[in-house]
Every structure is written in structure tokens, then in C-alpha cells.
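Pasted below: input-v6.cif, mmCIF, C-alpha atoms.
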```
data_upload
#
loop_
_atom_site.label_atom_id
_atom_site.label_comp_id
_atom_site.auth_asym_id
_atom_site.auth_seq_id
_atom_site.Cartn_x
_atom_site.Cartn_y
_atom_site.Cartn_z
CA MET O 1 -19.81 22.36 7.64
CA ASN O 2 -17.88 21.31 10.74
CA ARG O 3 -15.44 18.61 9.73
CA LYS O 4 -14.76 15.82 12.19
CA GLN O 5 -11.29 14.78 13.28
CA VAL O 6 -10.28 11.37 11.93
CA VAL O 7 -7.98 9.06 13.89
CA ILE O 8 -6.25 5.74 13.29
CA THR O 9 -7.06 3.08 15.87
CA GLY O 10 -5.87 -0.10 14.17
CA ILE O 11 -2.95 -1.22 11.98
CA GLY O 12 -2.73 -4.42 9.97
CA LEU O 13 0.71 -4.59 8.37
CA VAL O 14 2.53 -7.42 6.58
CA SER O 15 5.80 -7.09 4.66
CA ALA O 16 9.06 -8.91 4.14
CA LEU O 17 10.06 -7.76 7.63
CA GLY O 18 7.23 -9.68 9.29
CA GLU O 19 3.68 -9.06 10.43
CA GLY O 20 2.18 -6.64 12.88
CA PRO O 21 3.29 -3.35 14.45
CA ASP O 22 5.83 -4.79 16.90
CA ALA O 23 7.80 -6.67 14.24
CA HIS O 24 8.02 -3.59 12.03
CA TRP O 25 8.84 -1.17 14.82
CA ASP O 26 11.60 -3.37 16.20
CA ALA O 27 13.15 -3.97 12.78
CA LEU O 28 12.89 -0.48 11.33
CA SER O 29 13.86 1.51 14.39
CA ALA O 30 16.95 -0.69 14.83
CA GLY O 31 18.13 -0.35 11.23
CA ALA O 32 16.99 -3.55 9.55
CA SER O 33 18.65 -5.01 6.46
CA PRO O 34 16.61 -5.75 3.33
CA VAL O 35 14.96 -9.16 3.10
CA VAL O 36 15.42 -10.21 -0.54
CA ASP O 37 14.94 -13.25 -2.75
CA GLU O 38 17.40 -12.86 -5.64
CA THR O 39 17.07 -16.35 -7.16
CA SER O 40 13.45 -17.49 -7.50
CA PHE O 41 12.60 -14.90 -10.17
CA ALA O 42 16.07 -14.19 -11.57
CA PRO O 43 17.18 -11.94 -13.14
CA TRP O 44 14.78 -9.98 -10.95
CA SER O 45 14.77 -9.71 -7.17
CA VAL O 46 11.73 -9.55 -4.93
CA HIS O 47 11.12 -8.88 -1.25
CA PRO O 48 9.20 -12.02 -0.24
CA LEU O 49 6.33 -12.31 2.18
CA PRO O 50 6.85 -14.04 5.52
CA ALA O 51 5.07 -17.29 6.28
CA LEU O 52 1.61 -16.50 7.63
CA SER O 53 -0.53 -18.66 9.93
CA LEU O 54 -3.64 -18.08 7.84
CA ASP O 55 -5.91 -19.94 10.26
CA LYS O 56 -5.56 -17.05 12.71
CA GLN O 57 -7.49 -14.67 10.43
CA ILE O 58 -9.09 -16.96 7.83
CA PRO O 59 -10.27 -19.92 9.93
CA LYS O 60 -12.18 -21.82 7.22
CA LYS O 61 -10.00 -23.91 4.92
CA GLY O 62 -12.61 -23.57 2.19
CA ASP O 63 -12.24 -19.79 2.27
CA GLN O 64 -8.47 -20.11 2.05
CA ARG O 65 -8.65 -22.51 -0.90
CA GLN O 66 -10.89 -20.32 -3.04
CA MET O 67 -8.61 -17.28 -2.67
CA GLU O 68 -5.40 -16.65 -4.56
CA PRO O 69 -2.38 -15.49 -2.49
CA TRP O 70 -3.06 -11.75 -2.93
CA GLN O 71 -6.57 -12.18 -1.53
CA ARG O 72 -5.39 -14.26 1.40
CA LEU O 73 -2.75 -11.62 2.17
CA GLY O 74 -5.19 -8.72 2.11
CA THR O 75 -7.86 -10.57 4.07
CA TYR O 76 -5.26 -11.56 6.66
CA ALA O 77 -3.95 -8.00 7.08
CA ALA O 78 -7.49 -6.63 7.30
CA GLY O 79 -8.15 -8.99 10.20
CA LEU O 80 -4.96 -7.82 11.92
CA ALA O 81 -6.17 -4.21 11.69
CA ILE O 82 -9.60 -5.05 13.09
CA ASP O 83 -8.05 -6.91 16.02
CA ASP O 84 -5.50 -4.15 16.64
CA ALA O 85 -8.36 -1.66 16.90
CA GLY O 86 -10.39 -3.93 19.17
CA ALA O 87 -13.25 -3.52 16.73
CA ARG O 88 -14.55 -7.05 16.12
CA ASP O 89 -17.95 -6.03 17.48
CA LEU O 90 -18.13 -3.04 15.09
CA VAL O 91 -17.64 -4.78 11.73
CA ALA O 92 -21.33 -4.51 10.83
CA ASP O 93 -21.01 -0.71 10.85
CA MET O 94 -17.58 -0.58 9.24
CA HIS O 95 -17.22 0.93 5.76
CA LEU O 96 -14.74 -0.92 3.56
CA ILE O 97 -12.47 0.71 0.99
CA VAL O 98 -9.90 -1.45 -0.77
CA ALA O 99 -7.14 -0.79 -3.31
CA ALA O 100 -6.16 -3.75 -5.45
CA GLY O 101 -4.81 -4.65 -8.86
CA GLY O 102 -6.34 -7.00 -11.37
CA GLY O 103 -5.50 -10.08 -9.37
CA GLU O 104 -3.43 -13.08 -10.27
CA ARG O 105 -3.69 -14.55 -13.75
CA ASP O 106 -4.62 -18.11 -14.64
CA PHE O 107 -1.12 -19.15 -15.72
CA ALA O 108 -2.12 -22.61 -16.93
CA LEU O 109 -4.74 -21.19 -19.29
CA ASP O 110 -2.38 -18.43 -20.45
CA GLU O 111 0.23 -21.03 -21.35
CA GLN O 112 -2.29 -23.27 -23.11
CA VAL O 113 -3.58 -20.39 -25.25
CA ASN O 114 -0.07 -19.26 -26.16
CA ALA O 115 1.10 -22.78 -26.96
CA GLU O 116 -1.82 -23.58 -29.23
CA LEU O 117 -1.97 -20.26 -31.06
CA ALA O 118 1.74 -19.44 -31.32
CA HIS O 119 2.08 -20.91 -34.79
CA ALA O 120 -1.50 -20.58 -36.06
CA ASN O 121 -1.60 -19.54 -39.72
CA ASP O 122 -5.35 -19.36 -40.29
CA PRO O 123 -6.88 -16.35 -38.48
CA ALA O 124 -10.38 -17.79 -38.63
CA GLN O 125 -9.35 -21.11 -37.13
CA ALA O 126 -7.21 -19.36 -34.54
CA GLY O 127 -10.12 -17.17 -33.51
CA ALA O 128 -12.46 -20.12 -33.22
CA ARG O 129 -9.93 -22.04 -31.13
CA LEU O 130 -9.34 -19.04 -28.89
CA ASN O 131 -13.08 -18.71 -28.25
CA GLU O 132 -13.25 -22.41 -27.47
CA LEU O 133 -10.37 -22.25 -25.01
CA LEU O 134 -11.80 -19.23 -23.25
CA SER O 135 -15.35 -20.58 -23.09
CA THR O 136 -14.22 -23.84 -21.49
CA GLY O 137 -11.23 -22.66 -19.46
CA LEU O 138 -12.15 -19.34 -17.88
CA ARG O 139 -12.84 -19.26 -14.19
CA PRO O 140 -16.29 -18.14 -12.98
CA THR O 141 -15.16 -14.51 -12.74
CA LEU O 142 -15.15 -14.46 -16.58
CA PHE O 143 -11.66 -13.05 -16.66
CA LEU O 144 -8.15 -14.42 -17.02
CA ALA O 145 -7.26 -12.65 -13.79
CA GLN O 146 -9.23 -12.39 -10.58
CA LEU O 147 -11.26 -9.22 -10.25
CA SER O 148 -10.02 -6.68 -7.74
CA ASN O 149 -13.31 -6.41 -5.89
CA LEU O 150 -13.02 -10.06 -4.87
CA LEU O 151 -10.62 -8.91 -2.15
CA ALA O 152 -13.28 -6.64 -0.69
CA GLY O 153 -15.81 -9.43 -1.01
CA ASN O 154 -13.64 -11.89 0.87
CA ILE O 155 -12.94 -9.39 3.63
CA SER O 156 -16.69 -8.92 3.99
CA ILE O 157 -17.32 -12.67 4.07
CA VAL O 158 -14.49 -13.68 6.38
CA HIS O 159 -14.57 -10.77 8.82
CA GLY O 160 -18.23 -9.74 8.56
CA VAL O 161 -17.52 -6.19 7.40
CA THR O 162 -20.92 -5.23 6.00
CA GLY O 163 -20.94 -1.46 5.69
CA SER O 164 -20.61 0.17 2.28
CA SER O 165 -17.86 -1.25 0.07
CA ARG O 166 -15.66 0.42 -2.56
CA THR O 167 -12.74 -0.91 -4.57
CA PHE O 168 -10.12 1.22 -6.34
CA MET O 169 -7.84 0.14 -9.18
CA GLY O 170 -5.03 2.15 -10.73
CA GLU O 171 -1.66 1.31 -9.19
CA GLU O 172 -0.29 3.63 -6.47
CA ALA O 173 -2.97 6.26 -7.03
CA ALA O 174 -5.65 3.70 -6.17
CA ALA O 175 -4.27 3.26 -2.65
CA ALA O 176 -3.92 6.99 -2.09
CA ASP O 177 -7.46 7.66 -3.27
CA ALA O 178 -8.78 4.85 -1.09
CA VAL O 179 -7.31 6.58 1.97
CA ARG O 180 -8.47 9.98 0.75
CA ILE O 181 -12.07 8.84 0.25
CA ALA O 182 -12.18 6.99 3.56
CA HIS O 183 -10.87 10.07 5.37
CA ALA O 184 -13.28 12.40 3.56
CA ARG O 185 -16.35 10.28 4.31
CA LEU O 186 -15.62 10.17 8.02
CA ALA O 187 -14.60 13.83 8.21
CA GLU O 188 -17.84 14.84 6.51
CA GLY O 189 -19.97 12.75 8.88
CA ARG O 190 -20.90 10.05 6.38
CA GLY O 191 -19.79 7.29 8.71
CA GLU O 192 -18.01 6.75 12.00
CA ILE O 193 -15.63 3.87 11.32
CA ALA O 194 -13.93 2.51 8.21
CA LEU O 195 -11.46 -0.16 7.15
CA VAL O 196 -9.13 0.86 4.32
CA GLY O 197 -6.16 -0.90 2.78
CA GLY O 198 -4.47 -2.61 -0.12
CA ALA O 199 -2.33 -5.62 -0.93
CA LEU O 200 0.20 -6.95 -3.42
CA THR O 201 1.99 -10.28 -3.71
CA ALA O 202 5.28 -9.66 -5.47
CA GLN O 203 6.25 -13.30 -5.99
CA ARG O 204 4.45 -13.41 -9.34
CA TRP O 205 5.89 -13.73 -12.83
CA ASP O 206 2.95 -11.86 -14.34
CA VAL O 207 3.61 -8.71 -12.28
CA LEU O 208 7.32 -8.77 -13.01
CA LEU O 209 6.87 -9.33 -16.74
CA LEU O 210 4.18 -6.64 -16.96
CA TYR O 211 6.27 -3.90 -15.36
CA ARG O 212 9.48 -5.09 -16.99
CA ALA O 213 7.85 -4.55 -20.38
CA GLY O 214 7.49 -0.90 -19.41
CA GLY O 215 11.12 -0.66 -18.33
CA GLY O 216 10.31 -0.15 -14.66
CA VAL O 217 11.89 -3.18 -13.00
CA TRP O 218 15.43 -3.32 -11.65
CA ASP O 219 17.47 -6.06 -13.32
CA GLY O 220 19.85 -8.03 -11.15
CA PRO O 221 20.62 -8.42 -7.44
CA HIS O 222 19.33 -5.97 -4.88
CA LYS O 223 20.90 -2.55 -4.70
CA PRO O 224 19.77 0.34 -2.50
CA LEU O 225 17.26 2.65 -4.12
CA SER O 226 19.72 5.52 -4.40
CA ASP O 227 22.43 3.28 -5.89
CA ARG O 228 20.18 2.19 -8.76
CA LEU O 229 19.96 5.64 -10.27
CA ALA O 230 23.39 5.50 -11.90
CA SER O 231 22.14 2.55 -13.97
CA GLY O 232 18.79 4.08 -14.85
CA GLY O 233 16.85 3.17 -11.73
CA GLY O 234 14.15 0.57 -11.34
CA MET O 235 11.75 -1.03 -8.89
CA ILE O 236 12.17 -4.13 -6.79
CA PHE O 237 8.71 -5.30 -5.86
CA GLY O 238 7.79 -6.35 -2.35
CA GLY O 239 4.87 -8.35 -1.11
CA MET O 240 2.96 -6.27 1.39
CA SER O 241 -0.42 -5.34 2.74
CA GLY O 242 -1.36 -2.36 4.84
CA PHE O 243 -4.82 -1.95 6.38
CA LEU O 244 -6.01 0.79 8.71
CA VAL O 245 -9.04 1.20 10.93
CA LEU O 246 -10.11 4.84 10.77
CA GLU O 247 -12.66 6.40 13.11
CA THR O 248 -14.01 9.79 13.93
CA GLU O 249 -12.35 11.03 17.08
CA GLU O 250 -15.71 11.17 18.87
CA HIS O 251 -16.48 7.56 17.97
CA ALA O 252 -13.09 6.37 19.20
CA GLN O 253 -13.40 8.32 22.44
CA ALA O 254 -16.92 7.06 23.07
CA ARG O 255 -15.80 3.43 22.96
CA GLY O 256 -12.55 4.09 24.81
CA ALA O 257 -10.37 3.08 21.88
CA ARG O 258 -6.62 3.58 21.88
CA VAL O 259 -5.72 6.25 19.31
CA LEU O 260 -2.47 5.65 17.43
CA ALA O 261 -2.40 8.86 15.40
CA ARG O 262 -4.58 11.51 13.86
CA LEU O 263 -5.02 11.45 10.10
CA ASP O 264 -5.18 15.17 9.50
CA ALA O 265 -5.40 15.41 5.73
CA VAL O 266 -5.01 13.45 2.50
CA ALA O 267 -4.69 14.95 -0.98
CA THR O 268 -4.04 13.46 -4.42
CA ASP O 269 -3.32 14.66 -7.94
CA ALA O 270 -2.34 13.23 -11.33
CA SER O 271 -0.27 15.81 -13.18
CA HIS O 272 0.59 15.13 -16.82
CA ARG O 273 4.36 15.32 -16.12
CA ALA O 274 4.85 16.77 -19.56
CA ALA O 275 7.99 18.59 -18.43
CA PRO O 276 10.52 18.13 -15.62
CA GLY O 277 9.25 19.72 -12.45
CA ASP O 278 5.55 19.22 -13.16
CA SER O 279 5.14 16.54 -10.52
CA ALA O 280 7.12 18.42 -7.90
CA ALA O 281 4.96 21.48 -8.54
CA ALA O 282 1.80 19.41 -8.16
CA ALA O 283 3.04 17.99 -4.86
CA ARG O 284 4.01 21.47 -3.70
CA ALA O 285 0.45 22.65 -4.33
CA LEU O 286 -0.91 19.68 -2.39
CA LEU O 287 1.41 20.43 0.53
CA SER O 288 0.13 23.99 0.74
CA ARG O 289 -3.31 22.52 1.31
CA VAL O 290 -2.54 19.73 3.75
CA ALA O 291 0.39 21.08 5.78
CA PRO O 292 1.10 24.77 5.18
CA GLU O 293 2.81 24.95 8.58
CA GLY O 294 5.29 22.20 7.71
CA VAL O 295 6.07 18.74 9.06
CA ASP O 296 8.72 17.15 11.26
CA ALA O 297 9.50 14.02 9.22
CA VAL O 298 8.65 12.23 5.97
CA ILE O 299 7.89 8.65 5.01
CA SER O 300 8.69 8.60 1.30
CA GLY O 301 6.88 6.50 -1.27
CA ALA O 302 9.91 6.45 -3.58
CA THR O 303 9.75 3.44 -5.88
CA GLY O 304 13.19 3.48 -7.48
CA THR O 305 12.21 4.71 -10.94
CA ALA O 306 14.51 7.53 -11.97
CA ALA O 307 12.04 10.14 -13.25
CA ALA O 308 9.74 9.91 -10.23
CA TRP O 309 12.76 9.93 -7.92
CA ALA O 310 14.01 13.20 -9.42
CA GLU O 311 10.58 14.82 -8.97
CA GLU O 312 10.30 13.75 -5.36
CA GLU O 313 13.86 14.80 -4.60
CA ALA O 314 13.05 18.30 -5.83
CA PHE O 315 9.98 18.34 -3.63
CA LEU O 316 11.74 16.97 -0.53
CA ARG O 317 14.44 19.64 -0.74
CA GLU O 318 11.71 22.21 -0.15
CA VAL O 319 10.00 20.26 2.64
CA LYS O 320 13.24 20.37 4.65
CA ALA O 321 12.45 17.49 7.01
CA PRO O 322 14.18 14.17 7.75
CA PHE O 323 12.94 11.42 5.40
CA ARG O 324 12.96 7.64 5.18
CA ARG O 325 12.39 5.41 2.13
CA PRO O 326 10.82 2.06 3.13
CA ALA O 327 10.98 0.61 -0.41
CA ASN O 328 14.69 -0.03 0.03
CA LEU O 329 13.91 -2.55 2.79
CA ILE O 330 10.49 -3.95 1.92
CA GLY O 331 10.21 -3.18 -1.81
CA HIS O 332 7.49 -1.41 -3.71
CA GLY O 333 3.97 -2.66 -3.11
CA VAL O 334 2.00 -0.72 -5.77
CA GLU O 335 -1.62 -0.78 -4.47
CA GLY O 336 -0.38 -1.90 -1.07
CA ALA O 337 2.33 0.73 -0.69
CA PHE O 338 0.56 3.94 0.35
CA THR O 339 -1.53 2.37 3.10
CA ALA O 340 1.53 0.47 4.36
CA HIS O 341 3.49 3.73 4.54
CA VAL O 342 0.64 5.51 6.34
CA ALA O 343 0.66 2.61 8.78
CA LEU O 344 4.40 3.10 9.36
CA ALA O 345 3.85 6.80 10.03
CA ALA O 346 1.05 6.06 12.50
CA LEU O 347 3.23 3.47 14.20
CA ALA O 348 6.07 5.94 14.68
CA LEU O 349 3.73 8.55 16.12
CA SER O 350 2.16 6.05 18.49
CA ARG O 351 5.60 4.92 19.74
CA GLY O 352 6.91 8.45 20.12
CA GLY O 353 9.93 7.96 17.88
CA PHE O 354 11.13 7.57 14.33
CA TYR O 355 13.05 5.11 12.21
CA ALA O 356 16.71 4.62 11.48
CA PRO O 357 17.78 5.48 7.91
CA MET O 358 16.40 2.94 5.44
CA ASP O 359 18.43 3.92 2.36
CA PRO O 360 22.00 5.28 2.22
CA ALA O 361 20.65 8.59 0.91
CA ASP O 362 18.11 9.02 3.72
CA ALA O 363 18.83 12.23 5.59
CA GLY O 364 18.23 13.81 8.96
CA GLU O 365 17.17 12.70 12.41
CA ALA O 366 13.72 13.07 13.98
CA PRO O 367 13.85 11.66 17.53
CA SER O 368 10.18 12.28 18.30
CA PRO O 369 8.19 13.88 15.46
CA ASP O 370 4.75 15.35 16.07
CA ARG O 371 3.74 15.57 12.38
CA ILE O 372 4.72 13.12 9.65
CA LEU O 373 4.16 13.52 5.92
CA VAL O 374 3.63 10.43 3.75
CA THR O 375 4.40 10.91 0.06
CA GLY O 376 3.48 8.99 -3.05
CA PHE O 377 4.80 9.79 -6.52
CA GLY O 378 4.18 6.43 -8.14
CA GLN O 379 6.48 4.88 -10.69
CA TRP O 380 4.91 6.84 -13.52
CA ARG O 381 2.12 9.16 -12.38
CA GLY O 382 0.06 10.08 -9.35
CA GLU O 383 1.06 12.51 -6.61
CA ALA O 384 -0.30 11.89 -3.11
CA LEU O 385 0.31 13.30 0.35
CA ALA O 386 -1.04 12.35 3.76
CA VAL O 387 -0.34 14.21 6.98
CA LEU O 388 -0.51 12.47 10.34
CA SER O 389 0.03 13.89 13.81
CA ARG O 390 0.39 12.59 17.31
CA PRO O 391 -2.91 12.33 19.18
CA SER O 392 -3.73 15.22 21.48
CA SER O 393 -3.59 13.03 24.58
CA SER O 394 0.08 12.16 23.84
CA ARG O 395 1.04 15.81 23.57
CA LYS O 396 -0.76 16.67 26.79
CA ALA O 397 0.97 13.86 28.65
CA GLU O 398 4.42 15.04 27.52
CA ASN O 399 3.71 18.69 28.30
CA ALA O 400 2.34 17.96 31.76
#
```
Let me see whether you can do it: turn the structure in this file into C-alpha cells.
Amino acid sequence: MNRKQVVITGIGLVSALGEGPDAHWDALSAGASPVVDETSFAPWSVHPLPALSLDKQIPKKGDQRQMEPWQRLGTYAAGLAIDDAGARDLVADMHLIVAAGGGERDFALDEQVNAELAHANDPAQAGARLNELLSTGLRPTLFLAQLSNLLAGNISIVHGVTGSSRTFMGEEAAAADAVRIAHARLAEGRGEIALVGGALTAQRWDVLLLYRAGGGVWDGPHKPLSDRLASGGGMIFGGMSGFLVLETEEHAQARGARVLARLDAVATDASHRAAPGDSAAAARALLSRVAPEGVDAVISGATGTAAAWAEEEAFLREVKAPFRRPANLIGHGVEGAFTAHVALAALALSRGGFYAPMDPADAGEAPSPDRILVTGFGQWRGEALAVLSRPSSSRKAENA
């Protein structure tokens, strides 16, 4: 079967550095400093979201009110991507693939349940009271947290995206698989245009407490990713959303769309990591599939956790290309991270340059890369690689 070329024609990107391609290119290529809130969730730091003019992408106040912040963020970034691609008239044909977590919890109900049952001595009475609280207090989604597919639903409602819809859960691997499936469907001819992305709001006690319980969160003020390792490592979360409009190259050419980059290949794995080196070996096998000829630069998905860092470091030593670690500046975005990093790679390729070092340990220079590798090792499990290249027209123009 002849596989179709897949290209990126739109970027919707929001992080602590701002919104949109221009804000991120200007900040990251000039050597931006981290934007960090070290007090609101002390002892933990977060990279906060910028203020967004929601009316620009979510015009109905009623739609805004019924969404929690993570849904508003993702819906907003999805609209940015559609506009960047000039594809408002194509939303009815657009396939939608979203990566999202379990949504934000109902804190008031959580606190009420804990307060009333904390000192209950009679299991039967406690169970009856719990059932009563849940039956009268749960929101219509029948869950203490909003369901992840509500983000996809709101994107469909607000922006009119009415092609097929898929939602992935499962931390970083969810975002990587969302991109992989979107790319595969278009490459195999099962669609011509797709919207894919993810989102995370980091300014949430529930997220911080959840990952802190697993020992994955950095305690204290911000330190660079590489400086955290001496104290055991750890993540600083960052609010972010990255959405991409993908198209087959023929479809983009037919409508005269501007092509930002080609998405050449995406591959994922989930090695058991039973022994040191397992993850690096899994990534090495993926690289042999997606870029056997090598790459010119790397956008790293490093999160700050020590074990995953060591695995990626071993892998990067073999790749032998300059690399940048965005999490030092914008934090780790879990389901929003991989698509945001792919967006940064596409942005660099479209601008014909690369970024200044983002972490003190970032190495090498890549003035004008033609092929960029995006990595994802997760904070615990899930290897992922995406390879992007400059569009053919850009190469021809430079070689002329």
C-alpha cells in the first residue's frame, strides 16, 4: 500500500511562555527564563498558564461556564490550531484525536466526604452515608472527576469538528499514541485532515498530591532539570496545551495551505523497564524504524524524574545530535507534553532555525536543522519518538 505523506499545517500552543507560535519562537530562540509560581502551591512549584482571552475561541459564556479550566485550555488551543491552519471551513471533515487525563475533581464533594467519614466507627453507617453523599452530590458525569472525553466533546461543540472522535488516557503515552494514530490514519488514506492534541492545567492540588504520592514531584523552589538529579530528581508541572492540524500532503497542496513541517514517522512502546537500559534499548529499536539515517536535532521530553532521565541520557548519547529540554522552561505537561513538543519541532522547522539551550545540560548547536526528533520517556513508562522534517518546498528554495 502506498502511504501518503503527512504534513503539519496548524499549531495551537499555550504554555507559561504565552500563546501561539510567535510568542514561543521569540521566547525560546532568544533564551527565555522559566516562568514559575513558587508560592501558590508551596512546597511545590508550578509553571502557570498565561491569562487567556477565552472569548476569542470560546465565544459563548455558557460554554465557558460549563467547562473546567483544563477543558477551556484544550478547547482554546484547538481553536488556535484550526485558525493557524486556515481550516475553519474544513472542520466538518476533520478527525479529532485528543489526549487527556481524568479531569479536575470536585474538591468540595471530596472535602465533604472526607470530613464526614474521617472518624466514622460503624462501617455500615459509613457506607450508607457515603452512598447518600455520592447519590446527591455527584455531577451529571457520574464521576468525582470530569471524564476525559468531555474535552473532545467540547471541541466538537465549540468548533464544529464533526469527523470521527477518539480520546486517549494514560499519561504521556496517551499523547504519543494520539499523534501516532492520527498520523497512521492519514498515511493509510483513512482521512485527509485531523486535529490532534492534549492539555493539562498544572495549577491543581489534586494533580500535585497524586504525583507527589508516587514520589515524582520536585519539592521546593524551581531548579533546572539537570540540577535536580543530585537530590533525586522530580517533576515541576506546567500548564500547557498543544494541538496540531495534520493533513495529507495532497490535501494541503490542493487547498493551497502553508505547510509548516512534514511529520515523517511516529512510534511508541511501553517496555517493562525491569532492568537499567531497557527503556534506552526500546527507544533505540524505535529509532531504527523511524529515522535510521539519523537526525539533526532533538526536542527532549525529559520530565525530571531520575530513572527516566538516565534512560534518555543513554539513548541521546547514541543519537549524537544537539538537544533541548523544554520542561525546564515550561514544566511537564503529561498528556499535553508530547503534542506541545511536536509543535515546537514543527515551529523550528518552519522558521528555519533552532532554539537556544533550555537547560544548563543542553548540548550542541543546530543553526538550521532539516530533521528533528521528538522524544518521550514519560516519568515512569512509555517510550515515544516522532520525526519531523522541513517541507520539500523549503529545501528547494534554499538549494535554488
Legend entry - Shell of 8 Å around Asp264 (chain O), only C-alpha atoms, local chain residues under 5 positions omitted, as a PyMOL selection string: chain O and resi 5-6+290+386-389
Inset, instruction - Please evaluate the PyMOL selection byres ((chain O and resi 226-241) around 6) against the displayed coordinates and give the resulting residues as JSON, numbers by chain. - result: {"O": [13, 14, 15, 46, 47, 48, 49, 74, 198, 199, 200, 201, 202, 216, 217, 218, 224, 225, 242, 303, 304, 305, 306, 330, 331, 332, 333, 336]}
Inset, instruction - Rank O:Glu171, O:Glu68, O:Glu312, O:Asp122 by their smallest atom-to-atom distance to Arg204 (chain O), using all atoms listed in the file, and report the top residue only. - result: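 Of O:Glu171, O:Glu68, O:Glu312, O:Asp122, the one nearest Arg204 (chain O) is O:Glu68, counting all atoms listed in the file.
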Legend entry - Selected residue of minimal separation from Ala30 (chain O) among O:Asp359, O:Ala384, O:Ala174, O:Phe354, counting all atoms listed in the file: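 Smallest separation from Ala30 (chain O) among the options: O:Phe354.
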Legend entry - Explicit residue set for the PyMOL selection byres ((chain O and resi 79-89) around 8), as a ChimeraX atom specification: /O:9-13,20,57,75-78,90-92,159,195,243-245,257-258
Legend entry - Top pick for closest residue to Asp206 (chain O), considering O:Pro360, O:Gly18, O:Gly103, O:Gly62 and counting only C-alpha atoms: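 Checking each candidate against Asp206 (chain O), we get O:Gly103 as the closest.
For the choices O:Ala308, O:Val113, O:Ala267, O:Val295, the atom-to-atom distance to Ala321 (chain O) is smallest for O:Val295 when using all atoms listed in the file.
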Inset, instruction - Report as a list in words the residues that result from applying the PyMOL selection byres ((chain O and resi 43) around 12) to the structure here. - result: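 Selected by the PyMOL selection byres ((chain O and resi 43) around 12) in this file: Asp37, Glu38, Thr39, Ser40, Phe41, Ala42, Trp44, Ser45, Val46, Trp205, Leu208, Leu209, Arg212, Val217, Trp218, Asp219, Gly220, Pro221, His222 and Ile236 of chain O.
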Could you pull the residues within 7 Å of Gly101 (chain O), counting only C-alpha atoms, minus those fewer than 5 positions along the same chain, as a PDB file with C-alpha atoms, in the coordinates of the input?
```pdb
ATOM      1  CA  SER O 148     -10.020  -6.680  -7.740  1.00  0.00           C
ATOM      2  CA  MET O 169      -7.840   0.140  -9.180  1.00  0.00           C
ATOM      3  CA  GLU O 171      -1.660   1.310  -9.190  1.00  0.00           C
ATOM      4  CA  GLU O 335      -1.620  -0.780  -4.470  1.00  0.00           C
TER       5      GLU O 335
END
```
With all atoms of region 273-279 of chain O from the file as input, state the centre and edge lengths in Å to one decimal of the axis-aligned box that has 3 Å extra on each side, as JSON.
```
{"center_x": 7.4, "center_y": 17.5, "center_z": -15.0, "size_x": 12.2, "size_y": 10.4, "size_z": 15.0}
```
